[in-house]
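Engineer: Input coords_3.txt, format and content: compact mmCIF, C-alpha atoms and all ligand atoms.
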# COMPACT_ATOMS: atom_id res chain seq x y z
CA MET A 1 0.00 0.00 0.00
CA ASN A 2 1.36 3.41 -0.96
CA PRO A 3 1.76 5.81 1.94
CA VAL A 4 -0.36 8.96 1.64
CA VAL A 5 2.03 11.82 0.95
CA THR A 6 0.90 15.09 2.47
CA VAL A 7 2.77 18.35 2.08
CA PRO A 8 3.35 19.83 5.54
CA PHE A 9 1.46 23.03 6.21
CA LEU A 10 3.72 26.07 5.97
CA PRO A 11 2.39 28.49 8.59
CA TRP A 12 2.29 32.23 8.00
CA ASN A 13 4.65 32.62 10.95
CA ARG A 14 6.67 30.50 13.32
CA PRO A 15 9.07 31.67 16.06
CA SER A 16 12.80 30.83 16.05
CA LEU A 17 13.78 29.63 19.50
CA GLY A 18 16.95 27.75 20.42
CA GLN A 19 19.10 26.37 23.18
CA GLU A 20 20.08 29.89 24.32
CA GLU A 21 16.47 30.68 25.24
CA GLU A 22 16.07 27.26 26.90
CA ALA A 23 19.22 27.75 29.00
CA GLU A 24 18.23 31.28 30.03
CA VAL A 25 14.73 30.15 31.09
CA LEU A 26 16.18 27.20 33.00
CA ASP A 27 18.54 29.58 34.76
CA THR A 28 15.56 31.70 35.79
CA LEU A 29 13.54 28.71 36.96
CA ARG A 30 16.48 27.54 39.09
CA SER A 31 17.19 31.02 40.45
CA GLY A 32 14.03 31.10 42.58
CA TRP A 33 13.06 34.54 41.16
CA LEU A 34 10.27 34.23 38.60
CA THR A 35 8.58 37.60 38.46
CA HIS A 36 9.82 41.02 37.24
CA GLY A 37 13.40 41.20 38.51
CA PRO A 38 16.98 40.94 37.29
CA LYS A 39 16.21 39.40 33.87
CA ALA A 40 13.54 42.00 33.13
CA THR A 41 16.01 44.72 34.16
CA ARG A 42 18.65 43.26 31.80
CA PHE A 43 16.12 43.22 28.96
CA GLU A 44 15.03 46.80 29.69
CA GLU A 45 18.63 48.03 29.75
CA ALA A 46 19.42 46.30 26.45
CA VAL A 47 16.43 47.91 24.72
CA ARG A 48 17.03 51.31 26.31
CA ASP A 49 20.69 51.35 25.25
CA ALA A 50 20.00 50.13 21.72
CA LEU A 51 17.39 52.85 21.22
CA GLY A 52 19.42 55.52 22.99
CA VAL A 53 16.39 56.64 25.00
CA ASP A 54 16.14 57.59 28.69
CA ASP A 55 14.36 54.54 30.02
CA ALA A 56 12.46 51.34 29.23
CA PHE A 57 9.97 49.20 31.16
CA ALA A 58 9.22 45.56 30.26
CA VAL A 59 5.52 44.75 30.38
CA SER A 60 3.11 41.90 29.74
CA SER A 61 2.13 42.96 26.20
CA CYS A 62 2.29 45.81 23.74
CA THR A 63 -1.38 46.43 24.54
CA ALA A 64 -0.41 46.94 28.19
CA ALA A 65 2.37 49.28 27.03
CA LEU A 66 -0.15 51.29 24.97
CA HIS A 67 -2.58 51.51 27.88
CA LEU A 68 0.23 52.71 30.17
CA ALA A 69 1.40 55.15 27.50
CA PHE A 70 -1.98 56.87 27.29
CA LEU A 71 -2.41 56.87 31.07
CA ALA A 72 1.11 58.25 31.58
CA ALA A 73 0.40 60.86 28.90
CA GLY A 74 -2.59 61.96 30.96
CA ILE A 75 -5.19 61.20 28.28
CA ARG A 76 -8.60 61.80 29.78
CA PRO A 77 -12.24 62.14 28.67
CA GLY A 78 -12.56 64.77 25.97
CA ASP A 79 -9.01 64.27 24.70
CA GLU A 80 -8.45 63.12 21.14
CA VAL A 81 -5.63 60.91 19.88
CA ILE A 82 -4.89 60.67 16.16
CA THR A 83 -4.18 57.15 14.89
CA PRO A 84 -4.27 55.25 11.61
CA SER A 85 -7.23 52.92 11.11
CA LEU A 86 -4.99 50.53 9.15
CA THR A 87 -3.55 49.11 12.35
CA PHE A 88 -4.30 46.56 15.03
CA CYS A 89 -7.17 47.51 17.34
CA ALA A 90 -4.83 47.66 20.38
CA ALA A 91 -3.94 51.37 20.16
CA PRO A 92 -7.48 52.69 19.54
CA ASN A 93 -8.82 50.34 22.24
CA ALA A 94 -6.24 51.60 24.72
CA VAL A 95 -7.12 55.21 23.92
CA VAL A 96 -10.77 54.43 24.73
CA GLN A 97 -9.81 52.52 27.90
CA SER A 98 -7.91 55.63 29.02
CA GLY A 99 -11.04 57.73 28.51
CA GLY A 100 -9.91 59.37 25.26
CA THR A 101 -11.29 59.33 21.73
CA PRO A 102 -9.36 57.91 18.77
CA VAL A 103 -9.50 59.99 15.60
CA PHE A 104 -8.69 57.94 12.51
CA ALA A 105 -6.58 59.53 9.80
CA GLU A 106 -5.61 58.36 6.33
CA VAL A 107 -2.46 56.45 5.38
CA ASP A 108 0.06 56.91 2.58
CA PRO A 109 -0.89 54.83 -0.49
CA ASP A 110 2.69 53.55 -1.00
CA THR A 111 3.95 52.73 2.51
CA TYR A 112 0.55 52.26 4.27
CA ASN A 113 1.93 54.40 7.11
CA LEU A 114 0.03 57.31 8.63
CA ASP A 115 0.19 60.27 6.23
CA PRO A 116 1.64 63.37 8.01
CA ALA A 117 -0.61 65.73 6.01
CA ALA A 118 -3.71 63.72 6.93
CA ALA A 119 -2.66 63.66 10.57
CA GLU A 120 -2.13 67.42 10.52
CA ALA A 121 -5.57 67.96 9.01
CA ALA A 122 -7.08 65.91 11.86
CA ILE A 123 -5.56 68.09 14.60
CA GLY A 124 -8.14 70.05 16.56
CA HIS A 125 -8.29 71.87 19.87
CA ARG A 126 -8.90 68.56 21.72
CA THR A 127 -5.97 66.68 20.16
CA ARG A 128 -3.38 65.59 22.75
CA ALA A 129 -1.30 62.95 20.96
CA ILE A 130 -0.48 61.27 17.66
CA VAL A 131 0.11 57.51 17.48
CA VAL A 132 2.12 56.41 14.47
CA MET A 133 2.47 52.74 13.54
CA HIS A 134 5.44 51.58 11.47
CA TYR A 135 3.54 49.34 9.08
CA ALA A 136 5.25 46.01 8.32
CA GLY A 137 8.52 47.30 9.78
CA GLN A 138 9.00 50.35 7.53
CA PRO A 139 9.34 53.42 9.78
CA CYS A 140 6.92 56.25 9.09
CA ASP A 141 8.21 59.74 8.33
CA LEU A 142 9.80 60.11 11.77
CA ALA A 143 11.17 63.64 11.24
CA ALA A 144 7.86 64.94 9.87
CA PHE A 145 5.87 63.50 12.78
CA ARG A 146 8.35 64.77 15.39
CA LYS A 147 8.06 68.27 13.93
CA LEU A 148 4.27 68.05 13.66
CA ALA A 149 3.97 67.00 17.31
CA ASP A 150 6.38 69.73 18.46
CA ASP A 151 4.69 72.45 16.38
CA HIS A 152 1.31 71.63 17.90
CA GLY A 153 2.46 70.77 21.45
CA LEU A 154 1.34 67.13 21.10
CA LEU A 155 2.84 63.90 22.37
CA LEU A 156 4.21 61.54 19.75
CA ILE A 157 3.72 57.86 20.55
CA GLU A 158 5.30 55.25 18.28
CA ASP A 159 3.54 51.92 18.02
CA ALA A 160 6.68 50.03 17.00
CA ALA A 161 5.10 46.56 17.32
CA HIS A 162 6.22 45.85 13.73
CA ALA A 163 9.50 47.77 13.83
CA LEU A 164 11.73 46.21 16.47
CA HIS A 165 14.81 46.64 14.27
CA ALA A 166 14.27 49.35 11.65
CA TRP A 167 15.66 52.76 10.70
CA ARG A 168 14.74 55.73 8.57
CA ASP A 169 17.44 58.21 7.54
CA GLY A 170 19.67 56.88 10.33
CA THR A 171 17.03 57.22 13.06
CA ARG A 172 15.86 54.03 14.71
CA ALA A 173 12.11 53.42 14.91
CA GLY A 174 11.10 53.73 18.54
CA SER A 175 13.75 56.30 19.40
CA ILE A 176 12.08 59.58 18.44
CA GLY A 177 8.66 59.46 20.06
CA ASP A 178 8.00 60.78 23.54
CA LEU A 179 7.12 57.15 24.10
CA ALA A 180 7.44 54.04 21.96
CA VAL A 181 5.84 50.65 22.49
CA PHE A 182 7.04 47.27 21.24
CA SER A 183 5.39 43.86 20.96
CA PHE A 184 7.01 40.50 21.62
CA TYR A 185 3.81 38.58 20.88
CA ALA A 186 4.26 35.05 19.49
CA ASN A 187 4.19 36.11 15.82
CA LYS A 188 6.41 39.21 16.06
CA ALA A 189 9.95 39.75 14.70
CA MET A 190 11.21 38.38 18.00
CA THR A 191 9.06 36.90 20.72
CA THR A 192 8.63 36.20 24.39
CA GLY A 193 5.29 34.45 23.76
CA GLU A 194 3.44 37.43 25.21
CA GLY A 195 5.29 40.59 26.12
CA GLY A 196 5.95 44.22 25.40
CA MET A 197 8.14 47.19 26.22
CA ILE A 198 7.49 50.88 26.75
CA ALA A 199 10.47 53.16 26.17
CA GLY A 200 11.22 56.85 25.83
CA ARG A 201 11.26 60.00 27.96
CA ALA A 202 12.32 59.48 31.58
CA ASP A 203 9.31 61.19 33.17
CA LEU A 204 6.78 59.32 31.04
CA VAL A 205 8.40 55.87 31.42
CA GLN A 206 8.69 56.48 35.16
CA ALA A 207 4.97 57.30 35.29
CA ALA A 208 4.21 54.18 33.21
CA ARG A 209 6.37 52.03 35.52
CA LEU A 210 4.55 53.31 38.59
CA LEU A 211 1.13 52.76 36.98
CA GLY A 212 2.19 49.31 35.71
CA ARG A 213 3.08 47.99 39.18
CA HIS A 214 -0.14 48.90 41.03
CA GLY A 215 1.04 52.47 41.69
CA ILE A 216 3.53 51.08 44.23
CA ASP A 217 6.55 53.33 44.74
CA SER A 218 9.16 50.52 44.60
CA SER A 219 9.41 47.19 42.79
CA VAL A 220 9.20 43.88 44.62
CA TRP A 221 12.75 43.12 43.41
CA GLN A 222 13.97 46.43 44.89
CA ARG A 223 12.37 45.57 48.23
CA HIS A 224 13.55 41.92 48.19
CA GLY A 225 15.88 41.27 51.14
CA LYS A 226 16.23 44.99 51.88
CA GLN A 227 13.03 46.03 53.58
CA ARG A 228 9.83 44.53 54.91
CA THR A 229 7.87 43.21 51.89
CA ALA A 230 4.73 45.08 52.97
CA ASP A 231 6.65 48.31 53.48
CA TYR A 232 5.45 50.28 50.48
CA GLU A 233 3.21 53.15 49.46
CA VAL A 234 0.63 53.32 46.68
CA THR A 235 0.89 56.79 45.25
CA VAL A 236 -1.55 56.40 42.33
CA PRO A 237 -4.24 53.76 41.65
CA GLY A 238 -2.39 51.57 39.15
CA LEU A 239 -2.59 48.28 37.30
CA LYS A 240 -0.46 45.12 37.10
CA TYR A 241 1.35 44.97 33.76
CA THR A 242 4.91 43.85 34.61
CA MET A 243 6.80 41.27 32.51
CA PRO A 244 7.86 38.23 34.56
CA ASP A 245 11.51 37.13 34.52
CA ILE A 246 10.66 33.76 32.90
CA THR A 247 9.41 35.77 29.92
CA ALA A 248 12.26 38.29 30.05
CA ALA A 249 14.74 35.38 29.96
CA VAL A 250 13.45 34.52 26.48
CA GLY A 251 13.48 38.21 25.60
CA VAL A 252 17.16 38.88 26.38
CA GLN A 253 18.24 36.04 24.10
CA GLN A 254 15.79 36.89 21.31
CA TRP A 255 16.87 40.55 21.43
CA ARG A 256 20.48 39.43 20.91
CA LYS A 257 19.42 37.44 17.84
CA LEU A 258 17.21 40.18 16.39
CA PRO A 259 19.81 41.59 13.91
CA ASP A 260 20.30 38.09 12.43
CA PHE A 261 16.54 37.53 12.28
CA THR A 262 16.11 40.81 10.39
CA ALA A 263 18.93 39.94 7.96
CA ARG A 264 17.25 36.60 7.14
CA ARG A 265 13.86 38.29 6.70
CA ALA A 266 15.52 40.76 4.29
CA GLN A 267 16.91 37.85 2.23
CA ILE A 268 13.47 36.29 1.95
CA ALA A 269 11.92 39.64 1.01
CA ALA A 270 14.60 40.11 -1.67
CA ALA A 271 13.79 36.65 -3.10
CA TYR A 272 10.09 37.58 -3.27
CA ASP A 273 10.96 40.95 -4.84
CA ARG A 274 13.00 39.21 -7.58
CA SER A 275 10.65 36.34 -8.25
CA LEU A 276 7.21 37.90 -7.96
CA ALA A 277 7.85 41.16 -9.85
CA GLY A 278 5.75 41.45 -12.96
CA LEU A 279 2.82 39.22 -11.95
CA PRO A 280 -0.11 41.31 -13.20
CA GLY A 281 -2.30 42.80 -10.51
CA LEU A 282 0.15 41.86 -7.75
CA ARG A 283 1.70 44.85 -6.07
CA LEU A 284 4.89 44.24 -4.08
CA PRO A 285 5.89 46.36 -1.06
CA THR A 286 7.50 49.75 -1.68
CA VAL A 287 10.61 50.46 0.38
CA LEU A 288 11.62 54.10 0.50
CA ASP A 289 15.18 55.34 0.03
CA GLY A 290 16.94 55.78 3.36
CA VAL A 291 14.90 53.03 5.05
CA ARG A 292 16.38 49.96 6.72
CA HIS A 293 13.23 47.90 6.75
CA GLY A 294 12.47 45.61 9.70
CA ARG A 295 10.68 43.22 7.28
CA PHE A 296 8.28 41.95 9.90
CA LEU A 297 5.70 41.55 7.12
CA TYR A 298 5.92 41.01 3.40
CA PRO A 299 2.61 42.65 2.43
CA VAL A 300 1.37 42.37 -1.16
CA LEU A 301 -1.73 43.96 -2.68
CA ILE A 302 -3.87 41.85 -5.01
CA ASP A 303 -6.15 43.59 -7.50
CA PRO A 304 -9.47 41.78 -7.81
CA VAL A 305 -9.64 40.63 -11.45
CA ARG A 306 -11.52 37.75 -13.11
CA GLY A 307 -12.43 35.93 -9.91
CA ARG A 308 -8.95 36.24 -8.41
CA SER A 309 -9.25 38.32 -5.27
CA ARG A 310 -7.15 38.57 -2.13
CA ASP A 311 -9.48 36.12 -0.37
CA THR A 312 -9.52 33.55 -3.18
CA VAL A 313 -5.70 33.66 -3.40
CA ALA A 314 -5.46 33.15 0.38
CA ASP A 315 -7.94 30.23 0.15
CA VAL A 316 -6.07 28.51 -2.71
CA LEU A 317 -2.72 29.01 -0.96
CA ARG A 318 -4.10 27.42 2.20
CA GLU A 319 -6.25 24.64 0.75
CA VAL A 320 -4.32 23.62 -2.37
CA HIS A 321 -0.73 24.62 -1.59
CA ARG A 322 -0.93 24.29 2.21
CA ILE A 323 0.57 27.75 2.77
CA GLY A 324 -0.70 30.11 5.47
CA THR A 325 -1.06 33.86 5.02
CA SER A 326 -2.43 36.70 7.10
CA VAL A 327 -4.20 40.02 6.62
CA HIS A 328 -2.95 43.30 8.13
CA PHE A 329 -5.45 44.63 8.91
CA GLN A 330 -9.20 44.84 9.08
CA PRO A 331 -9.38 48.64 9.28
CA VAL A 332 -10.38 49.59 12.79
CA HIS A 333 -13.05 52.09 11.66
CA ARG A 334 -14.88 49.15 10.01
CA LEU A 335 -15.00 47.05 13.21
CA ALA A 336 -18.25 46.96 15.19
CA ALA A 337 -16.91 48.92 18.15
CA TYR A 338 -15.85 51.82 15.89
CA ARG A 339 -18.37 51.82 13.02
CA HIS A 340 -20.24 54.67 14.67
CA THR A 341 -17.32 56.97 13.82
CA GLY A 342 -18.50 56.88 10.20
CA CYS A 343 -15.02 57.70 8.91
CA HIS A 344 -14.35 58.11 5.21
CA LEU A 345 -10.90 56.60 4.55
CA PRO A 346 -10.80 55.47 0.90
CA VAL A 347 -7.03 54.79 0.76
CA THR A 348 -7.21 52.64 3.91
CA ASP A 349 -10.27 50.76 2.57
CA ARG A 350 -8.61 50.16 -0.80
CA ILE A 351 -5.43 48.75 0.78
CA ALA A 352 -7.31 46.69 3.38
CA ALA A 353 -9.46 45.00 0.69
CA ARG A 354 -6.38 43.89 -1.29
CA GLN A 355 -3.65 43.28 1.31
CA LEU A 356 -2.16 39.84 2.01
CA SER A 357 0.91 39.06 4.15
CA LEU A 358 3.08 36.24 2.78
CA PRO A 359 5.19 34.02 5.06
CA CYS A 360 8.50 35.82 5.77
CA TYR A 361 10.38 34.63 8.85
CA PRO A 362 13.81 33.25 9.74
CA ALA A 363 12.61 29.69 10.41
CA MET A 364 11.72 29.35 6.69
CA THR A 365 14.08 27.27 4.59
CA ALA A 366 15.05 28.11 1.00
CA THR A 367 12.64 25.34 -0.05
CA ASP A 368 9.81 26.98 1.92
CA VAL A 369 10.46 30.32 0.20
CA GLN A 370 10.51 28.66 -3.23
CA ARG A 371 7.25 26.87 -2.40
CA VAL A 372 5.52 30.22 -1.84
CA ILE A 373 6.97 31.65 -5.06
CA ASP A 374 5.98 28.58 -7.12
CA ALA A 375 2.48 28.53 -5.63
CA LEU A 376 1.87 32.16 -6.58
CA HIS A 377 3.20 31.57 -10.12
CA THR A 378 0.84 28.60 -10.43
CA ILE A 379 -2.13 30.65 -9.25
CA TRP A 380 -1.23 33.42 -11.72
CA SER A 381 -0.64 31.04 -14.68
C1 LIG A 401 0.56 47.31 15.33
C2 LIG A 401 0.27 46.53 16.58
N1 LIG A 401 0.19 47.18 17.76
C3 LIG A 401 -0.05 46.52 18.90
C4 LIG A 401 -0.22 45.17 18.91
C5 LIG A 401 -0.53 44.50 20.22
O1 LIG A 401 0.52 43.69 20.62
P1 LIG A 401 0.38 42.68 21.86
O2 LIG A 401 -0.24 41.43 21.31
O3 LIG A 401 1.80 42.47 22.32
O4 LIG A 401 -0.45 43.32 22.89
C6 LIG A 401 -0.13 44.45 17.72
C7 LIG A 401 -0.30 42.99 17.76
O5 LIG A 401 -0.44 42.29 16.81
C8 LIG A 401 0.13 45.15 16.52
O6 LIG A 401 0.20 44.51 15.34
Let me see the structure of the file written as structure tokens.
Ligand SMILES: Cc1ncc(COP(=O)(O)O)c(C=O)c1O
Structural biologist:
Amino acid sequence: MNPVVTVPFLPWNRPSLGQEEEAEVLDTLRSGWLTHGPKATRFEEAVRDALGVDDAFAVSSCTAALHLAFLAAGIRPGDEVITPSLTFCAAPNAVVQSGGTPVFAEVDPDTYNLDPAAAEAAIGHRTRAIVVMHYAGQPCDLAAFRKLADDHGLLLIEDAAHALHAWRDGTRAGSIGDLAVFSFYANKAMTTGEGGMIAGRADLVQAARLLGRHGIDSSVWQRHGKQRTADYEVTVPGLKYTMPDITAAVGVQQWRKLPDFTARRAQIAAAYDRSLAGLPGLRLPTVLDGVRHGRFLYPVLIDPVRGRSRDTVADVLREVHRIGTSVHFQPVHRLAAYRHTGCHLPVTDRIAARQLSLPCYPAMTATDVQRVIDALHTIWS
């Protein structure tokens, strides 16, 4: 009897974890200190120094970092925060959870990043902050947004969930905002399973740190062995968002590997650029001059022609070729919780209806990459 040959499913994303992460976690487990402590501090210092910012605080997710960012920024009812709609719901949700109102602005048709002119047009007397999101790992116009925020006395918050290792004109994404937030969620450019970081101005990160550990004026690691454990003050009513050391142990090793991960992602993106160029109705990502792209995503746009739409391509890739893809994003203004805003964002809608993210991650082999290329050529033939 012939064995049934099945092609293994190639997921849209898979993390790259090795013996270094295993050893670091084991070290933490054996140390007796599992929660936010020395490993989290090491991770924070590594991120802070790489970005060249004042301070960094390791938290349980990027969503937690966003919530802390808006609370630390003092966003309150009546305040407006400008954000793209072509993003994950985390930033708009966190604005609402802080009492503020997200105001959705249009993105650039080539980079899918927030358009500085559209953001400027959205500024009103209630605007307090602008959240930019570096789509796919390509930094937005950092200089333009810094100037816009300064000219209007607004806070600039970088949602750098996609841009852990990316530059524009020599400036690293996450280093220019008053605050920047990062995600180490399972599918990100590096991962801790769940996790995030908030980095930036000393006063704001300090406020976020206080709010993220119940409003307690010292950390449990700082008190450990030095003072009575219950000897603390709560100076503001806070939340619990700290990253545990078991998680940070994975983070310190993944952060070390991040440059290599990005280099491998760039190789895969270059292979797609070479091999997929010229397929009619398939638009490949635009990378601007002066950008060192983080390549978290390889986002293509698929024009709907003769029954071949983004969704049918994704279905055929999954069901026939056993290749996973993803969509970034359902525009937030189209989601039930935000439909009442009634925004008119035609560029966002056009991109969102066509966008598909192809697999692009360091755990892919050359054969995996060729499989994706061949599958797309077959679909287009
Ligand atoms: C742009 C963006 N911001 C924020 C988040 C939230 O990250 P986390 O899952 O770490 O809370 C995500 C997650 O996918 C994201 O894509």
Engineer: Neighbours of ligand LIG 401 (chain A) at 7 Å or closer, counting only C-alpha atoms and all ligand atoms: which residues, as a short mmCIF file (atom, residue, chain, number, x, y, z; two decimals) with C-alpha atoms, keeping the file's coordinate frame?
Structural biologist:
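Written out: part.cif:
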data_model
loop_
_atom_site.label_atom_id
_atom_site.label_comp_id
_atom_site.auth_asym_id
_atom_site.auth_seq_id
_atom_site.Cartn_x
_atom_site.Cartn_y
_atom_site.Cartn_z
CA SER A 61 2.13 42.96 26.20
CA CYS A 62 2.29 45.81 23.74
CA THR A 63 -1.38 46.43 24.54
CA ALA A 64 -0.41 46.94 28.19
CA THR A 87 -3.55 49.11 12.35
CA PHE A 88 -4.30 46.56 15.03
CA ALA A 90 -4.83 47.66 20.38
CA ALA A 91 -3.94 51.37 20.16
CA MET A 133 2.47 52.74 13.54
CA ASP A 159 3.54 51.92 18.02
CA ALA A 160 6.68 50.03 17.00
CA ALA A 161 5.10 46.56 17.32
CA HIS A 162 6.22 45.85 13.73
CA SER A 183 5.39 43.86 20.96
CA PHE A 184 7.01 40.50 21.62
CA TYR A 185 3.81 38.58 20.88
CA GLU A 194 3.44 37.43 25.21
CA GLY A 195 5.29 40.59 26.12
CA GLY A 196 5.95 44.22 25.40
#
Engineer: Near A:Leu142, counting only C-alpha atoms, which residues have an atom at most 10 Å away, once you skip same-chain residues fewer than 3 positions from it, shown as a PyMOL selection string?
Structural biologist: chain A and resi 116+132+134+139+145-148+156+158+167-169+171-177
Engineer: Can you tell me how far atom CA of A:Ala40 sits from atom CA of A:Ile246, in Å to one decimal?
Structural biologist: 8.7 Å
Engineer: Restricting the calculation to only C-alpha atoms: of A:Tyr241, A:Phe296, A:Phe43, A:Phe329, which residue gets closest to A:Leu210?
Structural biologist: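 Checking each candidate against A:Leu210, we get A:Tyr241 as the closest.
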Engineer: Could you check how far atom CA of A:Ala118 sits from atom CA of A:Arg76, in Å to one decimal?
Structural biologist: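 Here the two named atoms are 23.4 Å from each other.
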Engineer: Need to verify the contact set: A:Val332, 7 Å, only C-alpha atoms, exclusion of same-chain residues closer than 6 positions in sequence. Can you return it as a list in words?
Structural biologist: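 Near neighbours after the sequence-gap exclusion: Ser85, Leu86, Thr87, Cys89 and Tyr338 of chain A.
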Engineer: Could you write out the selected residues, including C-alpha atoms, as a PDB file, in the coordinates of the input?
Structural biologist:
ATOM      1  CA  SER A  85      -7.230  52.920  11.110  1.00  0.00           C
ATOM      2  CA  LEU A  86      -4.990  50.530   9.150  1.00  0.00           C
ATOM      3  CA  THR A  87      -3.550  49.110  12.350  1.00  0.00           C
ATOM      4  CA  CYS A  89      -7.170  47.510  17.340  1.00  0.00           C
ATOM      5  CA  TYR A 338     -15.850  51.820  15.890  1.00  0.00           C
TER       6      TYR A 338
END
Engineer: Compute the distance from (13.5, 46.6, 8.3) to each atom, counting only C-alpha atoms, keep the residues with any atom at most 7 Å away, and return them as a list in words; use the coordinates of the file.
Structural biologist: Gly137, Gln138, Ala163, His165, Ala166, Trp167, Thr262, Arg292, His293, Gly294 and Arg295 of chain A
Engineer: Quick one, how far is atom CA of A:Asp27 from atom CA of A:Ala248?
Structural biologist: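 Going from atom CA of A:Asp27 over to atom CA of A:Ala248, I get 11.7 Å.
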Engineer: As a ChimeraX atom specification, please: the residues near A:Ala314 (cut-off 9 Å, all atoms listed in the file, same-chain neighbours under 3 positions excluded).
Structural biologist: /A:309-311,317-319,323-326,356
Engineer: At a cut-off of 7 Å, using only C-alpha atoms, what residues contact stretch 68-71 of chain A? Leave out same-chain residues fewer than 3 positions from it and give the result as a list of chain:residue names.
Structural biologist: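 Neighbouring residues, sequence-local ones excluded: A:Ala64, A:Ala65, A:Gly74, A:Ile75, A:Val95, A:Ser98, A:Leu179, A:Ala208, A:Leu211, A:Gly212.
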Engineer: Nearest residue to A:Leu297 out of A:Ala136, A:Gln253, A:Arg30, A:Ile216, using all atoms listed in the file?
Structural biologist: A:Ala136
Engineer: Fewer than 6 positions away in the same chain doesn't count, so skip those; otherwise give me all residues within 12 Å of A:Asp151, counting all atoms listed in the file, as a list in words.
Structural biologist: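 In the requested format, the answer is Glu120, Ile123, Ala144 and Phe145 of chain A.
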Engineer: Under the rule that only C-alpha atoms are counted, which of A:Ala189, A:Asp260, A:Asp368, A:Leu155 is the nearest residue to A:Arg322?
Structural biologist: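 Smallest separation from A:Arg322 among the options: A:Asp368.
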Engineer: Under the rule that all atoms listed in the file are counted, which of A:Ala119, A:Ala105, A:His36, A:His67 is the nearest residue to A:Thr341?
Structural biologist: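 Checking each of A:Ala119, A:Ala105, A:His36, A:His67 against A:Thr341, counting all atoms listed in the file, the winner is A:Ala105.
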Engineer: Taking into account only C-alpha atoms, which residue in the set A:Val287, A:Val81, A:Val372, A:Met364 is nearest to A:Cys140?
Structural biologist: A:Val287
